[in-house]
$ cat entry.cif   # mmCIF, C-alpha atoms
data_model
loop_
_atom_site.group_PDB
_atom_site.id
_atom_site.type_symbol
_atom_site.label_atom_id
_atom_site.label_comp_id
_atom_site.auth_asym_id
_atom_site.auth_seq_id
_atom_site.Cartn_x
_atom_site.Cartn_y
_atom_site.Cartn_z
ATOM 1 C CA MET W 1 -2.481 12.453 -21.086
ATOM 2 C CA LEU W 2 -3.595 14.131 -17.842
ATOM 3 C CA SER W 3 -6.454 16.632 -17.974
ATOM 4 C CA LEU W 4 -8.988 18.358 -15.748
ATOM 5 C CA PRO W 5 -12.282 18.640 -17.673
ATOM 6 C CA LEU W 6 -14.659 21.508 -16.955
ATOM 7 C CA SER W 7 -17.839 20.609 -15.132
ATOM 8 C CA GLY W 8 -21.045 22.352 -14.217
ATOM 9 C CA GLY W 9 -24.557 21.838 -13.015
ATOM 10 C CA GLY W 10 -23.400 20.495 -9.663
ATOM 11 C CA MET W 11 -21.070 17.904 -11.214
ATOM 12 C CA ARG W 12 -17.861 17.120 -9.316
ATOM 13 C CA ARG W 13 -14.633 17.955 -11.114
ATOM 14 C CA ARG W 14 -12.574 14.838 -11.733
ATOM 15 C CA TRP W 15 -9.117 14.338 -13.190
ATOM 16 C CA VAL W 16 -8.910 12.102 -16.241
ATOM 17 C CA VAL W 17 -5.906 9.936 -17.115
ATOM 18 C CA ARG W 18 -5.990 8.752 -20.727
ATOM 19 C CA TYR W 19 -3.484 6.246 -22.019
ATOM 20 C CA ALA W 20 -3.020 3.730 -24.807
ATOM 21 C CA GLU W 21 -3.722 0.227 -23.567
ATOM 22 C CA THR W 22 -3.915 -1.852 -26.761
ATOM 23 C CA THR W 23 -4.002 -1.474 -30.531
ATOM 24 C CA THR W 24 -6.610 -2.497 -33.035
ATOM 25 C CA THR W 25 -6.192 -3.083 -36.748
ATOM 26 C CA THR W 26 -8.859 -2.335 -39.339
ATOM 27 C CA LYS W 27 -8.886 -1.857 -43.102
ATOM 28 C CA ALA W 28 -8.047 1.773 -42.505
ATOM 29 C CA GLY W 29 -4.935 0.934 -40.497
ATOM 30 C CA THR W 30 -3.730 0.301 -36.929
ATOM 31 C CA PHE W 31 -4.996 2.539 -34.134
ATOM 32 C CA LEU W 32 -4.365 2.979 -30.424
ATOM 33 C CA VAL W 33 -7.226 2.042 -28.130
ATOM 34 C CA LEU W 34 -7.398 4.683 -25.400
ATOM 35 C CA ARG W 35 -8.618 3.984 -21.888
ATOM 36 C CA ALA W 36 -9.705 6.745 -19.530
ATOM 37 C CA ASP W 37 -9.635 6.571 -15.740
ATOM 38 C CA ASN W 38 -11.548 9.226 -13.771
ATOM 39 C CA ILE W 39 -9.702 10.155 -10.589
ATOM 40 C CA PRO W 40 -11.103 12.393 -7.804
ATOM 41 C CA THR W 41 -7.878 14.228 -6.890
ATOM 42 C CA ARG W 42 -4.909 15.600 -8.819
ATOM 43 C CA GLU W 43 -2.449 13.807 -6.503
ATOM 44 C CA GLU W 44 -3.973 10.388 -7.197
ATOM 45 C CA ALA W 45 -4.250 11.167 -10.911
ATOM 46 C CA VAL W 46 -0.561 12.042 -11.141
ATOM 47 C CA MET W 47 0.413 8.846 -9.301
ATOM 48 C CA LEU W 48 -1.751 6.795 -11.661
ATOM 49 C CA ALA W 49 -0.211 8.469 -14.690
ATOM 50 C CA VAL W 50 3.298 7.833 -13.357
ATOM 51 C CA ARG W 51 2.402 4.215 -12.619
ATOM 52 C CA ARG W 52 1.127 3.680 -16.167
ATOM 53 C CA ILE W 53 4.309 5.193 -17.576
ATOM 54 C CA LYS W 54 6.466 2.924 -15.397
ATOM 55 C CA VAL W 55 4.489 -0.156 -16.448
ATOM 56 C CA GLN W 56 4.961 0.767 -20.096
ATOM 57 C CA GLN W 57 8.680 1.444 -19.612
ATOM 58 C CA GLU W 58 9.203 -1.860 -17.802
ATOM 59 C CA ALA W 59 7.372 -3.713 -20.563
ATOM 60 C CA GLU W 60 9.572 -2.048 -23.188
ATOM 61 C CA LYS W 61 12.791 -2.818 -21.252
ATOM 62 C CA SER W 62 11.897 -6.445 -20.604
ATOM 63 C CA ALA W 63 13.753 -8.593 -23.120
ATOM 64 C CA ALA W 64 12.327 -11.917 -21.959
ATOM 65 C CA PRO W 65 8.593 -12.629 -21.964
ATOM 66 C CA ARG W 66 6.983 -12.782 -18.534
ATOM 67 C CA SER W 67 6.085 -16.165 -17.144
ATOM 68 C CA ALA W 68 2.499 -17.264 -16.599
ATOM 69 C CA ALA W 69 3.044 -16.932 -12.838
ATOM 70 C CA GLU W 70 4.275 -13.340 -13.206
ATOM 71 C CA GLN W 71 1.325 -12.415 -15.377
ATOM 72 C CA ALA W 72 -1.086 -14.037 -12.908
ATOM 73 C CA GLU W 73 0.510 -12.105 -10.023
ATOM 74 C CA GLU W 74 0.185 -8.832 -11.922
ATOM 75 C CA ARG W 75 -3.490 -9.481 -12.634
ATOM 76 C CA ALA W 76 -4.095 -10.363 -8.967
ATOM 77 C CA CYS W 77 -2.361 -7.168 -7.837
ATOM 78 C CA GLU W 78 -4.455 -5.069 -10.209
ATOM 79 C CA ARG W 79 -7.639 -6.685 -8.876
ATOM 80 C CA ASP W 80 -6.526 -6.013 -5.303
ATOM 81 C CA ARG W 81 -5.623 -2.437 -6.226
ATOM 82 C CA ALA W 82 -9.055 -1.846 -7.763
ATOM 83 C CA ALA W 83 -10.753 -3.332 -4.681
ATOM 84 C CA GLU W 84 -8.725 -1.078 -2.366
ATOM 85 C CA GLU W 85 -9.561 2.035 -4.382
ATOM 86 C CA ARG W 86 -13.247 1.067 -4.415
ATOM 87 C CA THR W 87 -13.432 0.544 -0.642
ATOM 88 C CA ARG W 88 -10.876 3.144 0.501
ATOM 89 C CA PRO W 89 -12.038 5.133 3.560
ATOM 90 C CA THR W 90 -13.513 8.534 2.814
ATOM 91 C CA SER W 91 -14.691 9.491 6.308
ATOM 92 C CA ALA W 92 -13.595 9.045 9.907
ATOM 93 C CA HIS W 93 -16.133 8.399 12.671
ATOM 94 C CA VAL W 94 -15.204 8.934 16.322
ATOM 95 C CA TYR W 95 -17.447 7.414 18.953
ATOM 96 C CA VAL W 96 -17.036 8.380 22.621
ATOM 97 C CA SER W 97 -18.669 6.321 25.338
ATOM 98 C CA PRO W 98 -20.793 8.634 27.551
ATOM 99 C CA SER W 99 -20.039 6.521 30.612
ATOM 100 C CA SER W 100 -16.296 5.906 30.327
ATOM 101 C CA GLY W 101 -15.069 8.646 27.984
ATOM 102 C CA ARG W 102 -13.231 6.043 25.936
ATOM 103 C CA ALA W 103 -13.056 6.809 22.208
ATOM 104 C CA ILE W 104 -12.920 4.570 19.138
ATOM 105 C CA LEU W 105 -12.039 5.689 15.608
ATOM 106 C CA HIS W 106 -13.745 3.994 12.648
ATOM 107 C CA LEU W 107 -12.650 4.466 9.017
ATOM 108 C CA ILE W 108 -15.629 4.253 6.665
ATOM 109 C CA GLY W 109 -15.570 3.841 2.883
ATOM 110 C CA ALA W 110 -17.777 5.587 0.320
ATOM 111 C CA ASP W 111 -19.893 2.421 0.195
ATOM 112 C CA GLY W 112 -20.543 2.651 3.936
ATOM 113 C CA GLY W 113 -18.336 -0.350 4.658
ATOM 114 C CA GLN W 114 -15.657 -0.537 7.330
ATOM 115 C CA ASN W 115 -12.593 -2.259 5.879
ATOM 116 C CA HIS W 116 -10.132 -1.240 8.589
ATOM 117 C CA GLU W 117 -9.896 -2.425 12.161
ATOM 118 C CA PRO W 118 -11.362 0.063 14.671
ATOM 119 C CA ILE W 119 -8.674 2.145 16.396
ATOM 120 C CA LYS W 120 -8.849 2.699 20.157
ATOM 121 C CA LEU W 121 -7.798 6.213 21.114
ATOM 122 C CA ASP W 122 -5.761 6.932 24.234
ATOM 123 C CA GLY W 123 -7.087 8.973 27.108
ATOM 124 C CA SER W 124 -10.521 9.965 28.332
ATOM 125 C CA HIS W 125 -12.625 12.375 26.283
ATOM 126 C CA SER W 126 -15.583 14.585 27.062
ATOM 127 C CA SER W 127 -17.046 14.555 23.537
ATOM 128 C CA PRO W 128 -16.420 13.166 20.037
ATOM 129 C CA GLN W 129 -15.173 16.580 18.909
ATOM 130 C CA ASP W 130 -12.731 16.630 21.837
ATOM 131 C CA ALA W 131 -11.381 13.219 20.813
ATOM 132 C CA GLY W 132 -11.192 14.229 17.169
ATOM 133 C CA ALA W 133 -9.287 17.441 17.803
ATOM 134 C CA ASP W 134 -6.077 15.693 18.759
ATOM 135 C CA ALA W 135 -6.071 11.937 19.346
ATOM 136 C CA ALA W 136 -8.087 11.019 16.244
ATOM 137 C CA ILE W 137 -6.029 13.256 13.936
ATOM 138 C CA THR W 138 -2.829 11.629 15.219
ATOM 139 C CA ALA W 139 -4.276 8.148 14.711
ATOM 140 C CA LEU W 140 -5.472 9.079 11.227
ATOM 141 C CA GLY W 141 -1.964 10.147 10.251
ATOM 142 C CA LYS W 142 -0.534 6.827 11.386
ATOM 143 C CA ALA W 143 -3.199 5.011 9.356
ATOM 144 C CA GLY W 144 -2.303 7.039 6.261
ATOM 145 C CA PHE W 145 -5.116 9.598 6.152
ATOM 146 C CA ARG W 146 -5.652 13.277 6.881
ATOM 147 C CA CYS W 147 -8.464 15.794 7.073
ATOM 148 C CA ALA W 148 -9.899 16.613 3.637
ATOM 149 C CA PRO W 149 -9.300 20.242 2.537
ATOM 150 C CA GLY W 150 -11.927 22.490 4.088
ATOM 151 C CA ALA W 151 -13.457 19.714 6.205
ATOM 152 C CA SER W 152 -14.106 19.817 9.948
ATOM 153 C CA TRP W 153 -15.606 17.528 12.571
ATOM 154 C CA ARG W 154 -19.408 17.518 12.633
ATOM 155 C CA GLN W 155 -21.907 15.609 14.697
ATOM 156 C CA HIS W 156 -23.302 12.424 13.148
ATOM 157 C CA ALA W 157 -26.784 12.889 11.726
ATOM 158 C CA THR W 158 -28.343 10.182 13.907
ATOM 159 C CA GLN W 159 -25.721 9.256 16.531
ATOM 160 C CA ARG W 160 -25.187 11.989 19.122
ATOM 161 C CA ASP W 161 -22.066 10.320 20.579
ATOM 162 C CA THR W 162 -20.300 10.212 17.190
ATOM 163 C CA ALA W 163 -18.471 12.878 15.176
ATOM 164 C CA VAL W 164 -17.679 12.587 11.457
ATOM 165 C CA LEU W 165 -14.818 13.977 9.386
ATOM 166 C CA ALA W 166 -14.195 13.756 5.633
ATOM 167 C CA ILE W 167 -10.703 12.373 4.976
ATOM 168 C CA VAL W 168 -8.284 11.823 2.096
ATOM 169 C CA PRO W 169 -5.212 9.567 1.826
ATOM 170 C CA THR W 170 -1.766 10.945 2.573
ATOM 171 C CA ARG W 171 1.136 10.736 0.151
ATOM 172 C CA ALA W 172 2.634 8.036 2.362
ATOM 173 C CA TYR W 173 -0.527 5.949 1.998
ATOM 174 C CA LEU W 174 -0.600 6.307 -1.781
ATOM 175 C CA ALA W 175 3.097 5.401 -1.992
ATOM 176 C CA TYR W 176 2.434 2.411 0.272
ATOM 177 C CA ASN W 177 -0.262 1.192 -2.119
ATOM 178 C CA GLU W 178 2.119 1.563 -5.040
ATOM 179 C CA ARG W 179 4.487 -0.829 -3.287
ATOM 180 C CA ARG W 180 1.692 -3.195 -2.229
ATOM 181 C CA PHE W 181 0.264 -3.593 -5.709
ATOM 182 C CA GLY W 182 3.217 -2.719 -7.919
ATOM 183 C CA PRO W 183 6.233 -4.765 -8.999
ATOM 184 C CA ARG W 184 8.135 -6.763 -6.409
ATOM 185 C CA PRO W 185 11.007 -4.844 -4.816
ATOM 186 C CA GLU W 186 14.487 -5.644 -6.019
ATOM 187 C CA VAL W 187 16.898 -7.435 -3.705
ATOM 188 C CA PRO W 188 20.510 -6.485 -4.467
ATOM 189 C CA ALA W 189 23.036 -9.229 -5.070
ATOM 190 C CA ILE W 190 25.132 -10.339 -2.101
ATOM 191 C CA GLU W 191 28.667 -11.547 -2.754
ATOM 192 C CA GLY W 192 28.911 -15.306 -2.237
ATOM 193 C CA ALA W 193 25.178 -15.710 -1.577
ATOM 194 C CA THR W 194 22.416 -17.170 -3.711
ATOM 195 C CA ILE W 195 19.038 -15.399 -3.622
ATOM 196 C CA THR W 196 16.000 -17.048 -5.193
ATOM 197 C CA ALA W 197 12.532 -15.532 -5.272
ATOM 198 C CA ARG W 198 9.663 -17.820 -4.357
ATOM 199 C CA THR W 199 6.346 -17.823 -6.156
ATOM 200 C CA GLN W 200 4.914 -16.435 -2.931
ATOM 201 C CA ARG W 201 5.097 -12.646 -3.176
ATOM 202 C CA GLY W 202 7.499 -11.047 -0.702
ATOM 203 C CA TRP W 203 9.607 -14.162 0.012
ATOM 204 C CA TRP W 204 13.156 -15.044 -1.039
ATOM 205 C CA ASP W 205 15.241 -18.120 -0.190
ATOM 206 C CA VAL W 206 18.831 -17.201 0.619
ATOM 207 C CA THR W 207 21.910 -19.412 0.890
ATOM 208 C CA THR W 208 24.749 -17.389 2.424
ATOM 209 C CA ALA W 209 28.461 -17.692 1.656
ATOM 210 C CA ASP W 210 28.936 -20.213 4.496
ATOM 211 C CA GLY W 211 26.215 -22.511 3.118
ATOM 212 C CA GLU W 212 23.529 -21.664 5.687
ATOM 213 C CA ARG W 213 19.954 -21.191 4.497
ATOM 214 C CA TYR W 214 17.641 -18.378 5.454
ATOM 215 C CA ALA W 215 14.342 -16.846 4.381
ATOM 216 C CA LEU W 216 14.055 -13.148 3.563
ATOM 217 C CA THR W 217 10.545 -11.696 3.717
ATOM 218 C CA TRP W 218 9.153 -8.279 2.824
ATOM 219 C CA SER W 219 6.029 -6.608 4.190
ATOM 220 C CA PRO W 220 5.032 -3.172 2.873
ATOM 221 C CA GLN W 221 4.209 -0.693 5.630
ATOM 222 C CA ILE W 222 3.092 2.932 5.702
ATOM 223 C CA GLY W 223 6.164 5.058 6.258
ATOM 224 C CA GLY W 224 8.710 2.261 5.821
ATOM 225 C CA ASP W 225 8.602 -1.375 4.735
ATOM 226 C CA ARG W 226 9.630 -4.211 7.019
ATOM 227 C CA TRP W 227 12.263 -6.724 5.911
ATOM 228 C CA THR W 228 12.829 -9.829 8.018
ATOM 229 C CA VAL W 229 15.416 -12.606 7.992
ATOM 230 C CA TRP W 230 14.298 -15.988 9.309
ATOM 231 C CA GLY W 231 16.474 -18.981 10.141
ATOM 232 C CA GLY W 232 16.380 -22.309 11.936
ATOM 233 C CA PRO W 233 14.116 -25.279 11.226
ATOM 234 C CA GLN W 234 11.245 -24.314 8.907
ATOM 235 C CA TYR W 235 12.509 -20.714 9.111
ATOM 236 C CA THR W 236 10.777 -20.120 12.456
ATOM 237 C CA LYS W 237 13.678 -18.327 14.155
ATOM 238 C CA LEU W 238 13.680 -14.533 13.913
ATOM 239 C CA VAL W 239 17.180 -13.363 12.948
ATOM 240 C CA ARG W 240 16.772 -9.667 12.098
ATOM 241 C CA SER W 241 13.869 -7.364 11.277
ATOM 242 C CA GLY W 242 13.939 -3.762 10.092
ATOM 243 C CA SER W 243 14.863 -1.907 6.916
ATOM 244 C CA GLN W 244 16.194 -3.725 3.860
ATOM 245 C CA ASN W 245 19.749 -2.654 4.676
ATOM 246 C CA GLU W 246 19.412 -3.946 8.240
ATOM 247 C CA ALA W 247 18.115 -7.296 7.054
ATOM 248 C CA LEU W 248 20.739 -7.674 4.332
ATOM 249 C CA PHE W 249 23.551 -6.888 6.763
ATOM 250 C CA VAL W 250 23.239 -10.251 8.541
ATOM 251 C CA LEU W 251 23.122 -12.037 5.188
ATOM 252 C CA LYS W 252 26.280 -10.266 4.043
ATOM 253 C CA HIS W 253 27.919 -11.186 7.345
ATOM 254 C CA PRO W 254 26.622 -14.711 8.127
ATOM 255 C CA ALA W 255 28.406 -14.848 11.490
ATOM 256 C CA HIS W 256 25.856 -12.376 12.840
ATOM 257 C CA ALA W 257 23.002 -14.532 11.529
ATOM 258 C CA ARG W 258 24.447 -17.658 13.192
ATOM 259 C CA VAL W 259 24.721 -15.852 16.525
ATOM 260 C CA ALA W 260 21.096 -14.733 16.289
ATOM 261 C CA CYS W 261 19.931 -18.250 15.452
ATOM 262 C CA ALA W 262 21.885 -19.669 18.395
ATOM 263 C CA ARG W 263 20.008 -17.492 20.890
ATOM 264 C CA ASP W 264 17.124 -19.067 22.793
#

$ encode --input "entry.cif" --output "structure tokens"
Amino acid sequence: MLSLPLSGGGMRRRWVVRYAETTTTTKAGTFLVLRADNIPTREEAVMLAVRRIKVQQEAEKSAAPRSAAEQAEERACERDRAAEERTRPTSAHVYVSPSSGRAILHLIGADGGQNHEPIKLDGSHSSPQDAGADAAITALGKAGFRCAPGASWRQHATQRDTAVLAIVPTRAYLAYNERRFGPRPEVPAIEGATITARTQRGWWDVTTADGERYALTWSPQIGGDRWTVWGGPQYTKLVRSGSQNEALFVLKHPAHARVACARD
């Protein structure tokens, strides 16, 4: 159930996602135990609700019980997801050096922590607001964030060479997190090849139709995940990197993979 409760007295309005997590049995019968998650924006609330529905549907479709390793991975992903949501950036700080005009963008979480690498902005800038007007907004988009509705750059309360902007995640960033912390992506079957998932998340061992062995790895990225095929001793030779289709092409056509491995 997705609802937007009324609020007053200066309270922030927050979306609430309620869902049945477990059941409990008493003398009066069996009841659903509801859990409620308070979410700051409608977009995030809808994504959470959809995620919960998908988890429930997958659990209902799964005929075989999950292994201990799969359950451990799911718990680890949920912990990582909670940590990301707790430390997610809520403001952008742009500092411009008075002497050089060089600008650096910092993404700061609600807890005041900086959990992203500082981003160096191109060009020379006369002020933090000048840097924020164009270069910082572009860099924010690439990092998966945008200006919060109604927000604008303002001077830092104590640092005259720094401007601050309230930010929110983009849809691409939220989708990226769903892939990071959700179920592993599916790898379609390849005729004549054997594909085996490793315990390590994002890694598959592949034996192609000609008997050669390769490693297929997956790395979620904002705007498009990266799939990579590795070959050679200890899988240290880069064969192909790009979309899933691009990576699978050389596994479907092993001759291309052998040519790539033969290159210096």

$ residues_around --input "entry.cif" --residues "range 111-117 of chain W" --least-positions-apart "4" --cutoff "10 Å" --atoms "only C-alpha atoms" --output "NGL selection string"
:W and (84 or 86-91 or 105-107 or 143)

$ resolve_selection --input "entry.cif" --expression "the PyMOL selection byres ((chain W and resi 77-79) around 12)" --output "JSON, numbers by chain"
{"W": [51, 52, 55, 70, 71, 72, 73, 74, 75, 76, 80, 81, 82, 83, 84, 85, 86, 177, 178, 179, 180, 181, 182, 183, 184, 201]}

$ closest_residue --input "entry.cif" --among "W:Ser241, W:Gln221, W:Ser124, W:Gln159" --to "Ala172 in chain W" --atoms "all atoms listed in the file"
W:Gln221

$ residues_around --input "entry.cif" --residues "Leu251 in chain W" --least-positions-apart "6" --cutoff "9 Å" --atoms "all atoms listed in the file" --output "compact mmCIF listing (two decimals) with C-alpha atoms, keeping the file's coordinate frame"
# COMPACT_ATOMS: atom_id res chain seq x y z
CA ILE W 190 25.13 -10.34 -2.10
CA ALA W 193 25.18 -15.71 -1.58
CA VAL W 206 18.83 -17.20 0.62
CA THR W 207 21.91 -19.41 0.89
CA THR W 208 24.75 -17.39 2.42
CA ALA W 209 28.46 -17.69 1.66
CA TYR W 214 17.64 -18.38 5.45
CA VAL W 229 15.42 -12.61 7.99
CA ALA W 257 23.00 -14.53 11.53

$ atom_distance --input "entry.cif" --atom1 "CA of Lys252 in chain W" --atom2 "CA of Arg240 in chain W"
12.5 Å

$ closest_atom_pairs --input "entry.cif" --of "range 122-141 of chain W" --to "range 147-158 of chain W" --cutoff "12 Å" --atoms "only C-alpha atoms" --output "tab-separated table"
residue	atom	partner	partner_atom	distance
W:Ser127	CA	W:Gln155	CA	10.1
W:Pro128	CA	W:Gln155	CA	8.0
W:Gln129	CA	W:Trp153	CA	6.4
W:Asp130	CA	W:Trp153	CA	9.7
W:Ala131	CA	W:Trp153	CA	10.2
W:Gly132	CA	W:Trp153	CA	7.2
W:Ala133	CA	W:Trp153	CA	8.2
W:Asp134	CA	W:Trp153	CA	11.5
W:Ala136	CA	W:Cys147	CA	10.3
W:Ile137	CA	W:Cys147	CA	7.7
W:Thr138	CA	W:Cys147	CA	10.7
W:Ala139	CA	W:Cys147	CA	11.6
W:Leu140	CA	W:Cys147	CA	8.4
W:Gly141	CA	W:Cys147	CA	9.2
